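Raw run_6.cif, mmCIF, N, CA and C atoms:
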data_data
loop_
_atom_site.label_atom_id
_atom_site.label_comp_id
_atom_site.auth_asym_id
_atom_site.auth_seq_id
_atom_site.Cartn_x
_atom_site.Cartn_y
_atom_site.Cartn_z
N MET U 1133 23.93 31.39 49.55
CA MET U 1133 25.28 31.40 49.04
C MET U 1133 25.96 30.08 49.41
N LYS U 1134 26.69 29.53 48.45
CA LYS U 1134 27.40 28.27 48.68
C LYS U 1134 28.82 28.55 49.14
N LEU U 1135 29.20 27.84 50.21
CA LEU U 1135 30.53 27.97 50.79
C LEU U 1135 31.07 26.60 51.15
N LEU U 1136 32.34 26.52 51.43
CA LEU U 1136 32.95 25.29 51.91
C LEU U 1136 32.98 25.29 53.43
N VAL U 1137 32.54 24.17 54.01
CA VAL U 1137 32.59 24.02 55.46
C VAL U 1137 33.23 22.68 55.81
N ALA U 1138 33.80 22.61 56.98
CA ALA U 1138 34.43 21.37 57.45
C ALA U 1138 33.38 20.30 57.70
N THR U 1139 33.76 19.07 57.35
CA THR U 1139 32.87 17.94 57.57
C THR U 1139 33.68 16.69 57.91
N SER U 1140 33.08 15.83 58.69
CA SER U 1140 33.70 14.54 58.98
C SER U 1140 33.20 13.47 58.00
N GLN U 1141 32.24 13.83 57.15
CA GLN U 1141 31.73 12.87 56.17
C GLN U 1141 32.87 12.38 55.28
N THR U 1142 32.93 11.13 55.03
CA THR U 1142 33.92 10.41 54.22
C THR U 1142 35.32 10.38 54.83
N GLN U 1143 35.49 10.91 56.05
CA GLN U 1143 36.79 10.81 56.70
C GLN U 1143 37.16 9.34 56.84
N GLY U 1144 38.41 9.01 56.54
CA GLY U 1144 38.87 7.63 56.62
C GLY U 1144 38.87 6.92 55.28
N GLU U 1145 38.33 7.56 54.25
CA GLU U 1145 38.37 6.95 52.91
C GLU U 1145 39.82 6.84 52.42
N ARG U 1146 40.64 7.77 52.83
CA ARG U 1146 42.08 7.70 52.55
C ARG U 1146 42.79 7.47 53.87
N ALA U 1147 43.85 6.71 53.83
CA ALA U 1147 44.59 6.37 55.05
C ALA U 1147 45.17 7.60 55.73
N ASN U 1148 45.45 8.65 54.96
CA ASN U 1148 46.08 9.83 55.56
C ASN U 1148 45.09 11.00 55.72
N ASP U 1149 43.80 10.68 55.84
CA ASP U 1149 42.80 11.71 56.14
C ASP U 1149 43.02 12.28 57.54
N PHE U 1150 42.62 13.52 57.72
CA PHE U 1150 42.60 14.13 59.05
C PHE U 1150 41.54 15.21 59.07
N ASN U 1151 41.02 15.48 60.26
CA ASN U 1151 40.04 16.54 60.44
C ASN U 1151 40.27 17.16 61.82
N HIS U 1152 40.95 18.29 61.82
CA HIS U 1152 41.24 19.01 63.06
C HIS U 1152 40.40 20.27 63.17
N CYS U 1153 39.41 20.40 62.28
CA CYS U 1153 38.52 21.56 62.28
C CYS U 1153 37.26 21.27 63.09
N VAL U 1154 36.49 22.30 63.31
CA VAL U 1154 35.19 22.18 63.97
C VAL U 1154 34.16 21.87 62.90
N GLU U 1155 33.32 20.89 63.13
CA GLU U 1155 32.28 20.52 62.16
C GLU U 1155 31.48 21.76 61.77
N GLY U 1156 31.38 22.03 60.47
CA GLY U 1156 30.62 23.16 59.97
C GLY U 1156 31.40 24.47 59.88
N GLU U 1157 32.65 24.45 60.31
CA GLU U 1157 33.50 25.65 60.28
C GLU U 1157 33.76 26.08 58.83
N LEU U 1158 33.74 27.38 58.59
CA LEU U 1158 34.08 27.90 57.27
C LEU U 1158 35.51 27.55 56.91
N LEU U 1159 35.73 27.22 55.63
CA LEU U 1159 37.05 26.80 55.16
C LEU U 1159 37.56 27.73 54.06
N TRP U 1160 38.86 27.68 53.85
CA TRP U 1160 39.48 28.30 52.69
C TRP U 1160 40.50 27.34 52.13
N ILE U 1161 41.02 27.66 50.96
CA ILE U 1161 42.03 26.82 50.31
C ILE U 1161 43.35 27.59 50.38
N ALA U 1162 44.16 27.22 51.34
CA ALA U 1162 45.43 27.92 51.56
C ALA U 1162 46.47 27.46 50.54
N PRO U 1163 47.41 28.32 50.21
CA PRO U 1163 48.51 27.91 49.34
C PRO U 1163 49.33 26.81 49.99
N CYS U 1164 49.97 26.01 49.16
CA CYS U 1164 50.81 24.90 49.65
C CYS U 1164 52.25 25.33 49.85
N CYS U 1165 52.91 24.65 50.77
CA CYS U 1165 54.36 24.80 50.92
C CYS U 1165 55.04 24.00 49.80
N ASP U 1166 56.36 24.03 49.75
CA ASP U 1166 57.08 23.30 48.70
C ASP U 1166 56.81 21.80 48.76
N ASP U 1167 56.79 21.22 49.97
CA ASP U 1167 56.52 19.79 50.09
C ASP U 1167 55.10 19.46 49.62
N GLY U 1168 54.14 20.28 50.01
CA GLY U 1168 52.76 20.07 49.60
C GLY U 1168 52.57 20.22 48.12
N GLU U 1169 53.32 21.12 47.49
CA GLU U 1169 53.25 21.31 46.04
C GLU U 1169 53.76 20.07 45.31
N SER U 1170 54.76 19.41 45.87
CA SER U 1170 55.36 18.26 45.20
C SER U 1170 54.52 17.00 45.35
N SER U 1171 53.75 16.90 46.43
CA SER U 1171 52.92 15.71 46.63
C SER U 1171 51.80 16.00 47.62
N PRO U 1172 50.56 15.66 47.25
CA PRO U 1172 49.47 15.85 48.21
C PRO U 1172 49.61 14.93 49.42
N ASP U 1173 50.41 13.90 49.30
CA ASP U 1173 50.58 12.95 50.38
C ASP U 1173 51.81 13.24 51.24
N SER U 1174 52.37 14.45 51.08
CA SER U 1174 53.54 14.83 51.88
C SER U 1174 53.17 14.86 53.36
N HIS U 1175 54.18 14.84 54.21
CA HIS U 1175 53.98 14.78 55.65
C HIS U 1175 53.17 15.96 56.18
N CYS U 1176 53.39 17.15 55.63
CA CYS U 1176 52.73 18.35 56.18
C CYS U 1176 51.22 18.34 55.92
N GLY U 1177 50.77 17.75 54.83
CA GLY U 1177 49.35 17.63 54.55
C GLY U 1177 48.71 18.82 53.87
N CYS U 1178 49.46 19.90 53.62
CA CYS U 1178 48.83 21.10 53.05
C CYS U 1178 48.35 20.89 51.61
N GLY U 1179 48.94 19.94 50.89
CA GLY U 1179 48.52 19.68 49.52
C GLY U 1179 47.23 18.88 49.41
N ARG U 1180 46.71 18.44 50.54
CA ARG U 1180 45.46 17.67 50.53
C ARG U 1180 44.41 18.25 51.49
N SER U 1181 44.68 19.44 52.04
CA SER U 1181 43.78 19.94 53.06
C SER U 1181 43.17 21.30 52.75
N PHE U 1182 42.11 21.57 53.47
CA PHE U 1182 41.42 22.86 53.49
C PHE U 1182 41.67 23.44 54.88
N GLY U 1183 41.71 24.76 54.99
CA GLY U 1183 42.00 25.39 56.27
C GLY U 1183 40.78 25.99 56.92
N GLY U 1184 40.65 25.79 58.23
CA GLY U 1184 39.54 26.34 59.00
C GLY U 1184 39.76 27.81 59.30
N LEU U 1185 38.74 28.63 59.06
CA LEU U 1185 38.88 30.06 59.30
C LEU U 1185 38.93 30.41 60.78
N ASN U 1186 38.31 29.61 61.61
CA ASN U 1186 38.30 29.91 63.04
C ASN U 1186 39.38 29.14 63.80
N SER U 1187 39.46 27.85 63.56
CA SER U 1187 40.42 27.01 64.29
C SER U 1187 41.85 27.17 63.79
N HIS U 1188 41.99 27.59 62.53
CA HIS U 1188 43.28 27.68 61.85
C HIS U 1188 43.94 26.31 61.75
N ARG U 1189 43.11 25.30 61.71
CA ARG U 1189 43.57 23.91 61.58
C ARG U 1189 43.15 23.39 60.22
N GLY U 1190 43.45 22.15 59.90
CA GLY U 1190 43.16 21.59 58.59
C GLY U 1190 42.23 20.40 58.61
N THR U 1191 41.65 20.14 57.46
CA THR U 1191 40.83 18.96 57.24
C THR U 1191 40.98 18.52 55.79
N THR U 1192 40.86 17.24 55.55
CA THR U 1192 40.98 16.72 54.18
C THR U 1192 39.61 16.60 53.50
N THR U 1193 38.55 16.99 54.18
CA THR U 1193 37.23 16.94 53.56
C THR U 1193 36.50 18.26 53.75
N ALA U 1194 35.87 18.70 52.67
CA ALA U 1194 35.09 19.94 52.69
C ALA U 1194 33.70 19.65 52.14
N LEU U 1195 32.70 20.17 52.79
CA LEU U 1195 31.32 20.02 52.36
C LEU U 1195 30.88 21.32 51.70
N VAL U 1196 30.24 21.22 50.54
CA VAL U 1196 29.66 22.39 49.90
C VAL U 1196 28.30 22.60 50.56
N ALA U 1197 28.15 23.73 51.23
CA ALA U 1197 26.94 24.01 52.01
C ALA U 1197 26.31 25.32 51.56
N GLU U 1198 25.00 25.37 51.63
CA GLU U 1198 24.25 26.60 51.37
C GLU U 1198 24.05 27.30 52.71
N LEU U 1199 24.51 28.53 52.81
CA LEU U 1199 24.37 29.29 54.04
C LEU U 1199 23.48 30.50 53.78
N PRO U 1200 22.16 30.33 53.94
CA PRO U 1200 21.25 31.44 53.68
C PRO U 1200 21.49 32.59 54.64
N GLY U 1201 21.38 33.80 54.12
CA GLY U 1201 21.56 34.98 54.95
C GLY U 1201 23.00 35.43 55.10
N PHE U 1202 23.93 34.57 54.76
CA PHE U 1202 25.36 34.91 54.82
C PHE U 1202 25.69 35.66 53.54
N THR U 1203 26.29 36.83 53.64
CA THR U 1203 26.56 37.66 52.47
C THR U 1203 28.03 37.59 52.04
N CYS U 1204 28.28 38.08 50.85
CA CYS U 1204 29.66 38.16 50.36
C CYS U 1204 30.50 39.02 51.30
N SER U 1205 29.90 40.07 51.79
CA SER U 1205 30.59 40.96 52.74
C SER U 1205 30.92 40.23 54.05
N ASP U 1206 29.97 39.42 54.53
CA ASP U 1206 30.21 38.62 55.74
C ASP U 1206 31.39 37.66 55.52
N TYR U 1207 31.39 37.03 54.35
CA TYR U 1207 32.43 36.06 54.04
C TYR U 1207 33.80 36.74 53.94
N ALA U 1208 33.85 37.87 53.25
CA ALA U 1208 35.11 38.60 53.12
C ALA U 1208 35.63 39.04 54.49
N GLU U 1209 34.73 39.46 55.37
CA GLU U 1209 35.15 39.88 56.70
C GLU U 1209 35.67 38.70 57.52
N ALA U 1210 35.00 37.55 57.42
CA ALA U 1210 35.48 36.34 58.11
C ALA U 1210 36.87 35.96 57.60
N LEU U 1211 37.06 36.04 56.30
CA LEU U 1211 38.37 35.74 55.72
C LEU U 1211 39.42 36.77 56.16
N ARG U 1212 39.05 38.04 56.15
CA ARG U 1212 39.98 39.10 56.53
C ARG U 1212 40.50 38.86 57.95
N SER U 1213 39.59 38.57 58.85
CA SER U 1213 39.95 38.33 60.25
C SER U 1213 40.86 37.10 60.38
N SER U 1214 40.49 36.02 59.68
CA SER U 1214 41.27 34.79 59.75
C SER U 1214 42.65 34.95 59.12
N LEU U 1215 42.70 35.58 57.96
CA LEU U 1215 44.00 35.79 57.30
C LEU U 1215 44.93 36.60 58.19
N ALA U 1216 44.41 37.67 58.78
CA ALA U 1216 45.23 38.51 59.65
C ALA U 1216 45.75 37.71 60.84
N ALA U 1217 44.89 36.91 61.44
CA ALA U 1217 45.29 36.12 62.61
C ALA U 1217 46.34 35.07 62.27
N GLN U 1218 46.36 34.63 61.00
CA GLN U 1218 47.29 33.58 60.59
C GLN U 1218 48.56 34.14 59.94
N GLY U 1219 48.66 35.47 59.84
CA GLY U 1219 49.85 36.07 59.27
C GLY U 1219 49.81 36.26 57.77
N TRP U 1220 48.66 36.01 57.15
CA TRP U 1220 48.50 36.26 55.71
C TRP U 1220 48.04 37.71 55.54
N PRO U 1221 48.23 38.30 54.36
CA PRO U 1221 47.79 39.68 54.18
C PRO U 1221 46.26 39.80 54.16
N PRO U 1222 45.68 40.51 55.12
CA PRO U 1222 44.22 40.64 55.16
C PRO U 1222 43.66 41.39 53.96
N SER U 1223 44.51 42.16 53.30
CA SER U 1223 44.06 42.90 52.11
C SER U 1223 43.67 41.95 50.98
N ALA U 1224 44.05 40.68 51.05
CA ALA U 1224 43.71 39.70 50.02
C ALA U 1224 42.31 39.12 50.22
N ALA U 1225 41.62 39.46 51.30
CA ALA U 1225 40.35 38.82 51.66
C ALA U 1225 39.28 38.93 50.58
N ASP U 1226 39.11 40.09 49.99
CA ASP U 1226 38.07 40.25 48.97
C ASP U 1226 38.34 39.37 47.77
N GLU U 1227 39.58 39.32 47.33
CA GLU U 1227 39.96 38.49 46.19
C GLU U 1227 39.82 37.00 46.51
N VAL U 1228 40.27 36.62 47.69
CA VAL U 1228 40.15 35.22 48.11
C VAL U 1228 38.68 34.81 48.22
N ALA U 1229 37.87 35.69 48.82
CA ALA U 1229 36.43 35.41 48.95
C ALA U 1229 35.79 35.22 47.58
N ALA U 1230 36.08 36.11 46.65
CA ALA U 1230 35.50 36.01 45.31
C ALA U 1230 35.90 34.70 44.64
N GLY U 1231 37.16 34.32 44.78
CA GLY U 1231 37.63 33.06 44.19
C GLY U 1231 36.98 31.85 44.81
N LEU U 1232 36.83 31.85 46.13
CA LEU U 1232 36.21 30.71 46.81
C LEU U 1232 34.72 30.61 46.50
N LEU U 1233 34.05 31.75 46.39
CA LEU U 1233 32.63 31.74 46.03
C LEU U 1233 32.44 31.20 44.61
N ALA U 1234 33.29 31.62 43.69
CA ALA U 1234 33.23 31.11 42.32
C ALA U 1234 33.51 29.61 42.29
N PHE U 1235 34.48 29.18 43.09
CA PHE U 1235 34.81 27.75 43.17
C PHE U 1235 33.61 26.95 43.68
N ALA U 1236 33.03 27.36 44.80
CA ALA U 1236 31.91 26.63 45.41
C ALA U 1236 30.68 26.62 44.51
N PHE U 1237 30.49 27.67 43.74
CA PHE U 1237 29.32 27.79 42.85
C PHE U 1237 29.23 26.62 41.89
N ASN U 1238 30.35 26.07 41.48
CA ASN U 1238 30.38 25.00 40.48
C ASN U 1238 30.09 23.61 41.03
N TRP U 1239 29.86 23.48 42.33
CA TRP U 1239 29.60 22.19 42.95
C TRP U 1239 28.17 22.15 43.48
N GLU U 1240 27.62 20.96 43.57
CA GLU U 1240 26.28 20.77 44.13
C GLU U 1240 26.34 20.88 45.65
N VAL U 1241 25.31 21.48 46.24
CA VAL U 1241 25.20 21.49 47.70
C VAL U 1241 25.17 20.05 48.19
N GLY U 1242 25.93 19.76 49.21
CA GLY U 1242 26.01 18.41 49.76
C GLY U 1242 27.20 17.62 49.26
N ALA U 1243 27.89 18.12 48.24
CA ALA U 1243 29.07 17.42 47.73
C ALA U 1243 30.19 17.50 48.77
N VAL U 1244 30.87 16.39 48.97
CA VAL U 1244 32.05 16.35 49.84
C VAL U 1244 33.26 16.32 48.92
N LEU U 1245 34.15 17.27 49.11
CA LEU U 1245 35.31 17.43 48.24
C LEU U 1245 36.59 17.04 48.94
N GLU U 1246 37.54 16.59 48.12
CA GLU U 1246 38.90 16.38 48.60
C GLU U 1246 39.83 17.13 47.67
N ARG U 1247 40.99 17.42 48.19
CA ARG U 1247 42.01 18.17 47.46
C ARG U 1247 43.22 17.29 47.21
N ARG U 1248 43.74 17.39 46.00
CA ARG U 1248 44.99 16.73 45.64
C ARG U 1248 45.84 17.80 44.96
N CYS U 1249 46.48 18.66 45.75
CA CYS U 1249 47.21 19.85 45.30
C CYS U 1249 46.22 20.79 44.60
N ASP U 1250 46.33 20.94 43.28
CA ASP U 1250 45.43 21.84 42.55
C ASP U 1250 44.25 21.13 41.92
N LEU U 1251 44.08 19.85 42.21
CA LEU U 1251 42.95 19.08 41.70
C LEU U 1251 41.95 18.87 42.83
N PHE U 1252 40.70 19.16 42.57
CA PHE U 1252 39.63 18.99 43.55
C PHE U 1252 38.61 18.05 42.95
N VAL U 1253 38.23 17.02 43.72
CA VAL U 1253 37.25 16.04 43.23
C VAL U 1253 36.23 15.76 44.33
N GLU U 1254 35.07 15.32 43.88
CA GLU U 1254 34.03 14.94 44.82
C GLU U 1254 34.30 13.53 45.31
N ARG U 1255 34.19 13.34 46.59
CA ARG U 1255 34.29 12.00 47.17
C ARG U 1255 32.93 11.36 47.13
N LEU U 1256 32.91 10.13 46.72
CA LEU U 1256 31.66 9.39 46.74
C LEU U 1256 31.64 8.54 48.00
N VAL U 1257 30.50 8.52 48.64
CA VAL U 1257 30.37 7.73 49.86
C VAL U 1257 30.22 6.28 49.45
N THR U 1258 31.09 5.43 49.99
CA THR U 1258 31.04 4.01 49.66
C THR U 1258 30.01 3.31 50.54
N ALA U 1259 29.40 2.30 49.96
CA ALA U 1259 28.40 1.52 50.69
C ALA U 1259 29.11 0.64 51.71
N PRO U 1260 28.47 0.44 52.87
CA PRO U 1260 29.09 -0.44 53.88
C PRO U 1260 29.27 -1.84 53.32
N GLY U 1261 30.39 -2.47 53.71
CA GLY U 1261 30.74 -3.80 53.21
C GLY U 1261 29.83 -4.83 53.74
#

Just dump the structure as structure tokens.
Amino acid sequence: MKLLVATSQTQGERANDFNHCVEGELLWIAPCCDDGESSPDSHCGCGRSFGGLNSHRGTTTALVAELPGFTCSDYAEALRSSLAAQGWPPSAADEVAAGLLAFAFNWEVGAVLERRCDLFVERLVTAPG
């Protein structure tokens, strides 16, 4: 099963990149606040970040990873626990999991993604100068 996990790959490609997650941590795409909706480069950073399910912190880079043996049920439970801990409705976990699985399915394993509000693109690794 393909999921989004935190990665430090391509960090620094944008001046306002950040990675406060644990490498390999499961991620979700949290809704944006008003500032984040208006600009991905807003101070809060929510319009350009993915959220860590365990750390409850953010990162601007997500890796599409294949996690063999991890089931849809496992993913929904991880989301349920994280959503509850963060004050989001845990009842949304199944729907959020289904949406994230569908989203990840459309990307190649190994792709590093960035978020620009509702636009998601693959980051290309630049060659050293």

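If all atoms listed in the file are the atoms counted, then among U:Pro1172, U:Ser1214, U:Ala1194, U:Arg1146 the closest residue to Val1244 (chain U) is U:Ala1194.
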
For region 1210-1212 of chain U, find every residue with an atom within 7 Å (counting only N, CA and C atoms), except residues of its own chain fewer than 2 positions away, and show them as a PDB file with N, CA and C atoms, in the frame of the given file.
ATOM      1  N   LEU U1185      38.740  28.630  59.060  1.00  0.00           N
ATOM      2  CA  LEU U1185      38.880  30.060  59.300  1.00  0.00           C
ATOM      3  C   LEU U1185      38.930  30.410  60.780  1.00  0.00           C
ATOM      4  N   SER U1205      29.900  40.070  51.790  1.00  0.00           N
ATOM      5  CA  SER U1205      30.590  40.960  52.740  1.00  0.00           C
ATOM      6  C   SER U1205      30.920  40.230  54.050  1.00  0.00           C
ATOM      7  N   ASP U1206      29.970  39.420  54.530  1.00  0.00           N
ATOM      8  CA  ASP U1206      30.210  38.620  55.740  1.00  0.00           C
ATOM      9  C   ASP U1206      31.390  37.660  55.520  1.00  0.00           C
ATOM     10  N   TYR U1207      31.390  37.030  54.350  1.00  0.00           N
ATOM     11  CA  TYR U1207      32.430  36.060  54.040  1.00  0.00           C
ATOM     12  C   TYR U1207      33.800  36.740  53.940  1.00  0.00           C
ATOM     13  N   ALA U1208      33.850  37.870  53.250  1.00  0.00           N
ATOM     14  CA  ALA U1208      35.110  38.600  53.120  1.00  0.00           C
ATOM     15  C   ALA U1208      35.630  39.040  54.490  1.00  0.00           C
ATOM     16  N   SER U1214      40.490  36.020  59.680  1.00  0.00           N
ATOM     17  CA  SER U1214      41.270  34.790  59.750  1.00  0.00           C
ATOM     18  C   SER U1214      42.650  34.950  59.120  1.00  0.00           C
ATOM     19  N   LEU U1215      42.700  35.580  57.960  1.00  0.00           N
ATOM     20  CA  LEU U1215      44.000  35.790  57.300  1.00  0.00           C
ATOM     21  C   LEU U1215      44.930  36.600  58.190  1.00  0.00           C
ATOM     22  N   ALA U1216      44.410  37.670  58.780  1.00  0.00           N
ATOM     23  CA  ALA U1216      45.230  38.510  59.650  1.00  0.00           C
ATOM     24  C   ALA U1216      45.750  37.710  60.840  1.00  0.00           C
ATOM     25  N   ALA U1217      44.890  36.910  61.440  1.00  0.00           N
ATOM     26  CA  ALA U1217      45.290  36.120  62.610  1.00  0.00           C
ATOM     27  C   ALA U1217      46.340  35.070  62.270  1.00  0.00           C
ATOM     28  N   PRO U1221      48.230  38.300  54.360  1.00  0.00           N
ATOM     29  CA  PRO U1221      47.790  39.680  54.180  1.00  0.00           C
ATOM     30  C   PRO U1221      46.260  39.800  54.160  1.00  0.00           C
ATOM     31  N   PRO U1222      45.680  40.510  55.120  1.00  0.00           N
ATOM     32  CA  PRO U1222      44.220  40.640  55.160  1.00  0.00           C
ATOM     33  C   PRO U1222      43.660  41.390  53.960  1.00  0.00           C
ATOM     34  N   SER U1223      44.510  42.160  53.300  1.00  0.00           N
ATOM     35  CA  SER U1223      44.060  42.900  52.110  1.00  0.00           C
ATOM     36  C   SER U1223      43.670  41.950  50.980  1.00  0.00           C
ATOM     37  N   ALA U1224      44.050  40.680  51.050  1.00  0.00           N
ATOM     38  CA  ALA U1224      43.710  39.700  50.020  1.00  0.00           C
ATOM     39  C   ALA U1224      42.310  39.120  50.220  1.00  0.00           C
ATOM     40  N   ALA U1225      41.620  39.460  51.300  1.00  0.00           N
ATOM     41  CA  ALA U1225      40.350  38.820  51.660  1.00  0.00           C
ATOM     42  C   ALA U1225      39.280  38.930  50.580  1.00  0.00           C
ATOM     43  N   ASP U1226      39.110  40.090  49.990  1.00  0.00           N
ATOM     44  CA  ASP U1226      38.070  40.250  48.970  1.00  0.00           C
ATOM     45  C   ASP U1226      38.340  39.370  47.770  1.00  0.00           C
ATOM     46  N   ALA U1229      37.870  35.690  48.820  1.00  0.00           N
ATOM     47  CA  ALA U1229      36.430  35.410  48.950  1.00  0.00           C
ATOM     48  C   ALA U1229      35.790  35.220  47.580  1.00  0.00           C
TER      49      ALA U1229
END

When the PyMOL selection byres (((chain U and resi 1160 and name CA) around 7) and name CA) is applied to the file above, which residues end up in the set, as a PyMOL selection string? chain U and resi 1159+1161-1162+1182-1185

Hey, which of U:Thr1192, U:Gln1218, U:Thr1142, U:Ser1187 ends up closest to Leu1158 (chain U)? Count all atoms listed in the file.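 Closest to Leu1158 (chain U), using all atoms listed in the file: U:Ser1187.
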
Pick from U:Gln1141, U:Trp1220, U:Gly1242, U:Phe1150: nearest to Pro1163 (chain U), with only C-alpha atoms counted? U:Trp1220

What is the CA of Asn1151 (chain U) to CA of Ser1174 (chain U) distance in Å? 16.1 Å

In Å, with one decimal, what is the gap from atom N of His1188 (chain U) to CA of Ala1138 (chain U)?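 Value for the atom N of His1188 (chain U)-CA of Ala1138 (chain U) distance: 11.0 Å.
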
All file atoms of region 1193-1203 of chain U boxed axis-aligned, 8 Å per side, centre plus edges, as JSON:
{"center_x": 29.9, "center_y": 27.3, "center_z": 52.5, "size_x": 33.3, "size_y": 36.7, "size_z": 21.2}

Between CA of Gly1177 (chain U) and CA of Cys1165 (chain U), distance in Å (one decimal):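 Going from CA of Gly1177 (chain U) over to CA of Cys1165 (chain U) covers 9.5 Å.
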
For Val1253 (chain U), list every protein, DNA or RNA residue within 8 Å, evaluated using all atoms listed in the file, and leave out those in the same chain fewer than 6 positions away; present the list as a list in words.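 So the residues in contact are Ala1243, Val1244, Leu1245, Glu1246 and Arg1247 of chain U.
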
Could you pull out the strand (DSSP E) residues of chain U, going by DSSP on the backbone, and write them as an NGL selection string? :U and (1134-1138 or 1159-1160 or 1182-1184 or 1190-1191 or 1194-1198 or 1244-1248 or 1251-1255)

I'd like the residues picked by the PyMOL selection byres (((chain U and resi 1167 and name CA) around 12) and name CA) written out as a ChimeraX atom specification, using the chain letters and numbers from the file. /U:1163-1166,1168-1180,1249

Any chance you could list, as a PyMOL selection string, the residues in chain U that come up alpha helix (DSSP H) when DSSP is run on the backbone? chain U and resi 1166-1170+1204-1218+1225-1237
